[in-house]
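Engineer: Questions regarding the structure given below will be posed in turn.
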Amino acid sequence: MTSKTDEALGYEQARDELIEVVRRLETGGTTLEESLALWERGEELAKVCRRWLEGARARLDAALAEEETATAGTATDTTDGQ
């Protein structure tokens with residue numbers, strides 16, 4: 001479950017923290033309990049990043065669809081009315 005604090009994180013903040021979590025896990029030297037906590041935090045941060053990216057994709061798709069609709073409307077408006 002993602003906390004309200006995580007929901008307030010921007011993409012770059014979540015990504016940077018996720019990079020740090022991965023670095024710490026790869027470096028090793030943590031206890032099993034610490035490693036599990038880091039892994040869980042990494043999963044939450046990945047979800048935050050995924051939501052941001054999905055939102056960005058939806059906005060791009062909507063903008064492209066709007067542009068296609070406008071272009072299609074312009075193409076059909078070019079008739080001379082006869």
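Numbering starts fresh at 1 for the residues of each chain in the structure tokens, the chains themselves are lettered A, B, ... in the order given, and ligands are numbered from 1 as they appear.
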Pick out the residues sitting within 10 Å of Glu12 (chain A), and hand them over as a list in words; count only C-alpha atoms, and ignore anything fewer than 5 positions along from it in its own chain.
Structural biologist: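 Those residues are Glu17, Leu18, Cys49 and Trp52 of chain A.
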Engineer: Can you spit out the residues from that selection as a CSV table (one decimal), in the first residue's frame, using N, CA, C and O atoms?
Structural biologist:
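Just written: selection35.csv:
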```
chain,number,residue,atom,x,y,z
A,17,GLU,N,15.3,8.2,-5.3
A,17,GLU,CA,15.3,7.4,-4.1
A,17,GLU,C,15.4,5.9,-4.5
A,17,GLU,O,16.1,5.1,-3.8
A,18,LEU,N,14.7,5.5,-5.6
A,18,LEU,CA,14.8,4.1,-6.0
A,18,LEU,C,16.2,3.7,-6.4
A,18,LEU,O,16.7,2.7,-6.1
A,49,CYS,N,6.7,5.6,-9.6
A,49,CYS,CA,7.3,5.9,-10.9
A,49,CYS,C,6.4,5.4,-12.0
A,49,CYS,O,6.1,6.1,-13.0
A,52,TRP,N,3.4,7.6,-12.4
A,52,TRP,CA,3.7,8.9,-13.1
A,52,TRP,C,3.9,8.6,-14.6
A,52,TRP,O,3.4,9.4,-15.4
```
Engineer: Name the residues in contact with Arg15 (chain A) at a cut-off of 9 Å, using only C-alpha atoms, excluding same-chain residues fewer than 5 positions from it; report them as a list in words.
Structural biologist: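 Residues near the query, excluding close chain neighbours: Gly10, Glu20, Leu45, Ala46, Val48 and Cys49 of chain A.
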Engineer: Quick one: everything within 10 Å of region 40-44 of chain A, counting only C-alpha atoms, minus sequence neighbours fewer than 2 positions away in the same chain. Send it as a PDB file with all heavy atoms, in the first residue's frame.
Structural biologist:
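That gives us out_31.pdb:
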```pdb
ATOM      1  N   MET A   1       0.841  -1.182   0.000  1.00  0.00           N
ATOM      2  CA  MET A   1       0.000   0.000   0.000  1.00  0.00           C
ATOM      3  C   MET A   1       0.882   1.241   0.000  1.00  0.00           C
ATOM      4  O   MET A   1       1.828   1.363   0.762  1.00  0.00           O
ATOM      5  CB  MET A   1      -0.906  -0.026   1.226  1.00  0.00           C
ATOM      6  CG  MET A   1      -1.878   1.090   1.278  1.00  0.00           C
ATOM      7  SD  MET A   1      -3.071   0.731   2.577  1.00  0.00           S
ATOM      8  CE  MET A   1      -3.432   2.366   3.070  1.00  0.00           C
ATOM      9  N   THR A   2       0.603   2.173  -0.874  1.00  0.00           N
ATOM     10  CA  THR A   2       1.392   3.387  -1.005  1.00  0.00           C
ATOM     11  C   THR A   2       0.881   4.431  -0.023  1.00  0.00           C
ATOM     12  O   THR A   2      -0.308   4.666   0.091  1.00  0.00           O
ATOM     13  CB  THR A   2       1.294   3.931  -2.445  1.00  0.00           C
ATOM     14  OG1 THR A   2       1.692   2.891  -3.336  1.00  0.00           O
ATOM     15  CG2 THR A   2       2.192   5.110  -2.642  1.00  0.00           C
ATOM     16  N   SER A   3       1.814   5.073   0.675  1.00  0.00           N
ATOM     17  CA  SER A   3       1.416   6.082   1.651  1.00  0.00           C
ATOM     18  C   SER A   3       1.129   7.409   0.955  1.00  0.00           C
ATOM     19  O   SER A   3       1.494   7.626  -0.191  1.00  0.00           O
ATOM     20  CB  SER A   3       2.526   6.268   2.687  1.00  0.00           C
ATOM     21  OG  SER A   3       3.630   6.933   2.109  1.00  0.00           O
ATOM     22  N   ASP A   6       4.246   8.988  -0.258  1.00  0.00           N
ATOM     23  CA  ASP A   6       4.700   8.471  -1.552  1.00  0.00           C
ATOM     24  C   ASP A   6       3.911   9.083  -2.693  1.00  0.00           C
ATOM     25  O   ASP A   6       4.467   9.379  -3.746  1.00  0.00           O
ATOM     26  CB  ASP A   6       4.576   6.948  -1.608  1.00  0.00           C
ATOM     27  CG  ASP A   6       5.614   6.246  -0.746  1.00  0.00           C
ATOM     28  OD1 ASP A   6       6.593   6.903  -0.336  1.00  0.00           O
ATOM     29  OD2 ASP A   6       5.436   5.057  -0.469  1.00  0.00           O
ATOM     30  N   GLU A   7       2.605   9.260  -2.491  1.00  0.00           N
ATOM     31  CA  GLU A   7       1.769   9.830  -3.534  1.00  0.00           C
ATOM     32  C   GLU A   7       2.169  11.270  -3.835  1.00  0.00           C
ATOM     33  O   GLU A   7       1.966  11.740  -4.944  1.00  0.00           O
ATOM     34  CB  GLU A   7       0.301   9.764  -3.125  1.00  0.00           C
ATOM     35  CG  GLU A   7      -0.231   8.340  -3.103  1.00  0.00           C
ATOM     36  CD  GLU A   7      -1.642   8.241  -2.570  1.00  0.00           C
ATOM     37  OE1 GLU A   7      -2.273   9.286  -2.305  1.00  0.00           O
ATOM     38  OE2 GLU A   7      -2.117   7.110  -2.420  1.00  0.00           O
ATOM     39  N   ALA A  14      11.077  10.112  -6.643  1.00  0.00           N
ATOM     40  CA  ALA A  14      10.880   8.674  -6.466  1.00  0.00           C
ATOM     41  C   ALA A  14      11.964   7.899  -7.208  1.00  0.00           C
ATOM     42  O   ALA A  14      12.518   6.932  -6.674  1.00  0.00           O
ATOM     43  CB  ALA A  14       9.499   8.259  -6.960  1.00  0.00           C
ATOM     44  N   ARG A  15      12.281   8.331  -8.421  1.00  0.00           N
ATOM     45  CA  ARG A  15      13.313   7.655  -9.207  1.00  0.00           C
ATOM     46  C   ARG A  15      14.674   7.734  -8.518  1.00  0.00           C
ATOM     47  O   ARG A  15      15.382   6.728  -8.405  1.00  0.00           O
ATOM     48  CB  ARG A  15      13.407   8.288 -10.600  1.00  0.00           C
ATOM     49  CG  ARG A  15      14.447   7.630 -11.496  1.00  0.00           C
ATOM     50  CD  ARG A  15      14.922   8.551 -12.591  1.00  0.00           C
ATOM     51  NE  ARG A  15      15.487   9.746 -12.001  1.00  0.00           N
ATOM     52  CZ  ARG A  15      15.441  10.951 -12.567  1.00  0.00           C
ATOM     53  NH1 ARG A  15      14.854  11.133 -13.708  1.00  0.00           N
ATOM     54  NH2 ARG A  15      15.995  11.979 -11.956  1.00  0.00           N
ATOM     55  N   GLU A  17      15.313   8.198  -5.322  1.00  0.00           N
ATOM     56  CA  GLU A  17      15.321   7.363  -4.118  1.00  0.00           C
ATOM     57  C   GLU A  17      15.398   5.890  -4.492  1.00  0.00           C
ATOM     58  O   GLU A  17      16.098   5.103  -3.844  1.00  0.00           O
ATOM     59  CB  GLU A  17      14.093   7.634  -3.247  1.00  0.00           C
ATOM     60  CG  GLU A  17      14.180   6.913  -1.916  1.00  0.00           C
ATOM     61  CD  GLU A  17      13.005   7.181  -0.986  1.00  0.00           C
ATOM     62  OE1 GLU A  17      12.277   8.177  -1.190  1.00  0.00           O
ATOM     63  OE2 GLU A  17      12.823   6.380  -0.043  1.00  0.00           O
ATOM     64  N   LEU A  18      14.703   5.502  -5.551  1.00  0.00           N
ATOM     65  CA  LEU A  18      14.757   4.115  -6.019  1.00  0.00           C
ATOM     66  C   LEU A  18      16.178   3.749  -6.443  1.00  0.00           C
ATOM     67  O   LEU A  18      16.664   2.656  -6.115  1.00  0.00           O
ATOM     68  CB  LEU A  18      13.782   3.907  -7.176  1.00  0.00           C
ATOM     69  CG  LEU A  18      13.721   2.515  -7.784  1.00  0.00           C
ATOM     70  CD1 LEU A  18      13.408   1.458  -6.733  1.00  0.00           C
ATOM     71  CD2 LEU A  18      12.693   2.482  -8.914  1.00  0.00           C
ATOM     72  N   ILE A  19      16.850   4.632  -7.118  1.00  0.00           N
ATOM     73  CA  ILE A  19      18.246   4.390  -7.509  1.00  0.00           C
ATOM     74  C   ILE A  19      19.113   4.161  -6.281  1.00  0.00           C
ATOM     75  O   ILE A  19      19.950   3.255  -6.244  1.00  0.00           O
ATOM     76  CB  ILE A  19      18.786   5.564  -8.357  1.00  0.00           C
ATOM     77  CG1 ILE A  19      18.115   5.562  -9.739  1.00  0.00           C
ATOM     78  CG2 ILE A  19      20.304   5.509  -8.488  1.00  0.00           C
ATOM     79  CD1 ILE A  19      18.353   6.819 -10.537  1.00  0.00           C
ATOM     80  N   GLU A  20      18.893   4.958  -5.247  1.00  0.00           N
ATOM     81  CA  GLU A  20      19.661   4.809  -4.000  1.00  0.00           C
ATOM     82  C   GLU A  20      19.353   3.479  -3.320  1.00  0.00           C
ATOM     83  O   GLU A  20      20.259   2.807  -2.814  1.00  0.00           O
ATOM     84  CB  GLU A  20      19.368   5.980  -3.060  1.00  0.00           C
ATOM     85  CG  GLU A  20      20.089   5.917  -1.738  1.00  0.00           C
ATOM     86  CD  GLU A  20      21.611   5.905  -1.857  1.00  0.00           C
ATOM     87  OE1 GLU A  20      22.157   6.360  -2.878  1.00  0.00           O
ATOM     88  OE2 GLU A  20      22.268   5.437  -0.906  1.00  0.00           O
ATOM     89  N   VAL A  21      18.083   3.089  -3.311  1.00  0.00           N
ATOM     90  CA  VAL A  21      17.702   1.806  -2.715  1.00  0.00           C
ATOM     91  C   VAL A  21      18.394   0.660  -3.452  1.00  0.00           C
ATOM     92  O   VAL A  21      18.973  -0.235  -2.826  1.00  0.00           O
ATOM     93  CB  VAL A  21      16.165   1.628  -2.736  1.00  0.00           C
ATOM     94  CG1 VAL A  21      15.764   0.185  -2.461  1.00  0.00           C
ATOM     95  CG2 VAL A  21      15.503   2.560  -1.723  1.00  0.00           C
ATOM     96  N   VAL A  22      18.360   0.696  -4.773  1.00  0.00           N
ATOM     97  CA  VAL A  22      18.999  -0.361  -5.569  1.00  0.00           C
ATOM     98  C   VAL A  22      20.501  -0.384  -5.303  1.00  0.00           C
ATOM     99  O   VAL A  22      21.099  -1.447  -5.137  1.00  0.00           O
ATOM    100  CB  VAL A  22      18.690  -0.169  -7.073  1.00  0.00           C
ATOM    101  CG1 VAL A  22      19.537  -1.100  -7.923  1.00  0.00           C
ATOM    102  CG2 VAL A  22      17.215  -0.390  -7.340  1.00  0.00           C
ATOM    103  N   LEU A  25      21.146  -2.049  -2.029  1.00  0.00           N
ATOM    104  CA  LEU A  25      20.931  -3.493  -2.110  1.00  0.00           C
ATOM    105  C   LEU A  25      22.075  -4.174  -2.852  1.00  0.00           C
ATOM    106  O   LEU A  25      22.528  -5.254  -2.461  1.00  0.00           O
ATOM    107  CB  LEU A  25      19.598  -3.806  -2.792  1.00  0.00           C
ATOM    108  CG  LEU A  25      18.356  -3.591  -1.935  1.00  0.00           C
ATOM    109  CD1 LEU A  25      17.094  -3.661  -2.798  1.00  0.00           C
ATOM    110  CD2 LEU A  25      18.293  -4.605  -0.804  1.00  0.00           C
ATOM    111  N   GLU A  34      17.050  -5.537   6.994  1.00  0.00           N
ATOM    112  CA  GLU A  34      17.278  -4.273   6.279  1.00  0.00           C
ATOM    113  C   GLU A  34      17.075  -4.458   4.774  1.00  0.00           C
ATOM    114  O   GLU A  34      16.474  -3.603   4.117  1.00  0.00           O
ATOM    115  CB  GLU A  34      18.687  -3.750   6.546  1.00  0.00           C
ATOM    116  CG  GLU A  34      18.908  -3.267   7.971  1.00  0.00           C
ATOM    117  CD  GLU A  34      20.376  -3.021   8.287  1.00  0.00           C
ATOM    118  OE1 GLU A  34      21.253  -3.679   7.692  1.00  0.00           O
ATOM    119  OE2 GLU A  34      20.631  -2.157   9.140  1.00  0.00           O
ATOM    120  N   SER A  35      17.572  -5.571   4.254  1.00  0.00           N
ATOM    121  CA  SER A  35      17.412  -5.847   2.827  1.00  0.00           C
ATOM    122  C   SER A  35      15.948  -5.977   2.447  1.00  0.00           C
ATOM    123  O   SER A  35      15.516  -5.453   1.413  1.00  0.00           O
ATOM    124  CB  SER A  35      18.155  -7.126   2.446  1.00  0.00           C
ATOM    125  OG  SER A  35      19.540  -6.957   2.588  1.00  0.00           O
ATOM    126  N   LEU A  36      15.171  -6.666   3.277  1.00  0.00           N
ATOM    127  CA  LEU A  36      13.735  -6.796   3.009  1.00  0.00           C
ATOM    128  C   LEU A  36      13.034  -5.441   3.059  1.00  0.00           C
ATOM    129  O   LEU A  36      12.178  -5.153   2.217  1.00  0.00           O
ATOM    130  CB  LEU A  36      13.090  -7.760   4.004  1.00  0.00           C
ATOM    131  CG  LEU A  36      13.400  -9.236   3.770  1.00  0.00           C
ATOM    132  CD1 LEU A  36      12.882 -10.077   4.937  1.00  0.00           C
ATOM    133  CD2 LEU A  36      12.818  -9.720   2.459  1.00  0.00           C
ATOM    134  N   ALA A  37      13.394  -4.624   4.022  1.00  0.00           N
ATOM    135  CA  ALA A  37      12.800  -3.289   4.131  1.00  0.00           C
ATOM    136  C   ALA A  37      13.166  -2.447   2.911  1.00  0.00           C
ATOM    137  O   ALA A  37      12.319  -1.726   2.363  1.00  0.00           O
ATOM    138  CB  ALA A  37      13.254  -2.608   5.411  1.00  0.00           C
ATOM    139  N   LEU A  38      14.414  -2.541   2.465  1.00  0.00           N
ATOM    140  CA  LEU A  38      14.839  -1.803   1.270  1.00  0.00           C
ATOM    141  C   LEU A  38      14.083  -2.296   0.039  1.00  0.00           C
ATOM    142  O   LEU A  38      13.634  -1.503  -0.788  1.00  0.00           O
ATOM    143  CB  LEU A  38      16.347  -1.944   1.051  1.00  0.00           C
ATOM    144  CG  LEU A  38      17.236  -1.132   1.982  1.00  0.00           C
ATOM    145  CD1 LEU A  38      18.686  -1.581   1.852  1.00  0.00           C
ATOM    146  CD2 LEU A  38      17.103   0.359   1.671  1.00  0.00           C
ATOM    147  N   ALA A  46       8.873   2.053  -7.093  1.00  0.00           N
ATOM    148  CA  ALA A  46       8.636   1.641  -8.480  1.00  0.00           C
ATOM    149  C   ALA A  46       7.178   1.872  -8.863  1.00  0.00           C
ATOM    150  O   ALA A  46       6.887   2.298  -9.988  1.00  0.00           O
ATOM    151  CB  ALA A  46       9.030   0.179  -8.668  1.00  0.00           C
ATOM    152  N   LYS A  47       6.252   1.623  -7.932  1.00  0.00           N
ATOM    153  CA  LYS A  47       4.830   1.863  -8.199  1.00  0.00           C
ATOM    154  C   LYS A  47       4.571   3.349  -8.429  1.00  0.00           C
ATOM    155  O   LYS A  47       3.799   3.722  -9.313  1.00  0.00           O
ATOM    156  CB  LYS A  47       3.967   1.358  -7.038  1.00  0.00           C
ATOM    157  CG  LYS A  47       3.876  -0.139  -6.956  1.00  0.00           C
ATOM    158  CD  LYS A  47       3.062  -0.564  -5.746  1.00  0.00           C
ATOM    159  CE  LYS A  47       3.141  -2.069  -5.539  1.00  0.00           C
ATOM    160  NZ  LYS A  47       2.453  -2.476  -4.311  1.00  0.00           N
ATOM    161  N   VAL A  48       5.200   4.190  -7.617  1.00  0.00           N
ATOM    162  CA  VAL A  48       5.041   5.638  -7.783  1.00  0.00           C
ATOM    163  C   VAL A  48       5.539   6.045  -9.169  1.00  0.00           C
ATOM    164  O   VAL A  48       4.856   6.774  -9.903  1.00  0.00           O
ATOM    165  CB  VAL A  48       5.800   6.412  -6.679  1.00  0.00           C
ATOM    166  CG1 VAL A  48       5.829   7.911  -6.973  1.00  0.00           C
ATOM    167  CG2 VAL A  48       5.178   6.143  -5.312  1.00  0.00           C
ATOM    168  N   CYS A  49       6.711   5.569  -9.551  1.00  0.00           N
ATOM    169  CA  CYS A  49       7.272   5.895 -10.866  1.00  0.00           C
ATOM    170  C   CYS A  49       6.360   5.391 -11.978  1.00  0.00           C
ATOM    171  O   CYS A  49       6.110   6.104 -12.953  1.00  0.00           O
ATOM    172  CB  CYS A  49       8.670   5.299 -11.024  1.00  0.00           C
ATOM    173  SG  CYS A  49       9.930   6.084  -9.992  1.00  0.00           S
ATOM    174  N   ARG A  50       5.856   4.175 -11.835  1.00  0.00           N
ATOM    175  CA  ARG A  50       4.977   3.596 -12.845  1.00  0.00           C
ATOM    176  C   ARG A  50       3.715   4.434 -13.012  1.00  0.00           C
ATOM    177  O   ARG A  50       3.266   4.690 -14.135  1.00  0.00           O
ATOM    178  CB  ARG A  50       4.624   2.159 -12.472  1.00  0.00           C
ATOM    179  CG  ARG A  50       3.958   1.376 -13.579  1.00  0.00           C
ATOM    180  CD  ARG A  50       3.750  -0.096 -13.230  1.00  0.00           C
ATOM    181  NE  ARG A  50       4.938  -0.713 -12.649  1.00  0.00           N
ATOM    182  CZ  ARG A  50       5.018  -1.178 -11.398  1.00  0.00           C
ATOM    183  NH1 ARG A  50       3.980  -1.126 -10.594  1.00  0.00           N
ATOM    184  NH2 ARG A  50       6.134  -1.709 -10.950  1.00  0.00           N
TER     185      ARG A  50
END
```
Engineer: Can you measure CA of Thr69 (chain A) to CA of Glu54 (chain A) for me? One decimal in Å is fine.
Structural biologist: 22.2 Å
Engineer: Interatomic distance between CA of Ala72 (chain A) and CA of Leu53 (chain A)?
Structural biologist: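 Interatomic distance, CA of Ala72 (chain A) to CA of Leu53 (chain A): 28.2 Å.
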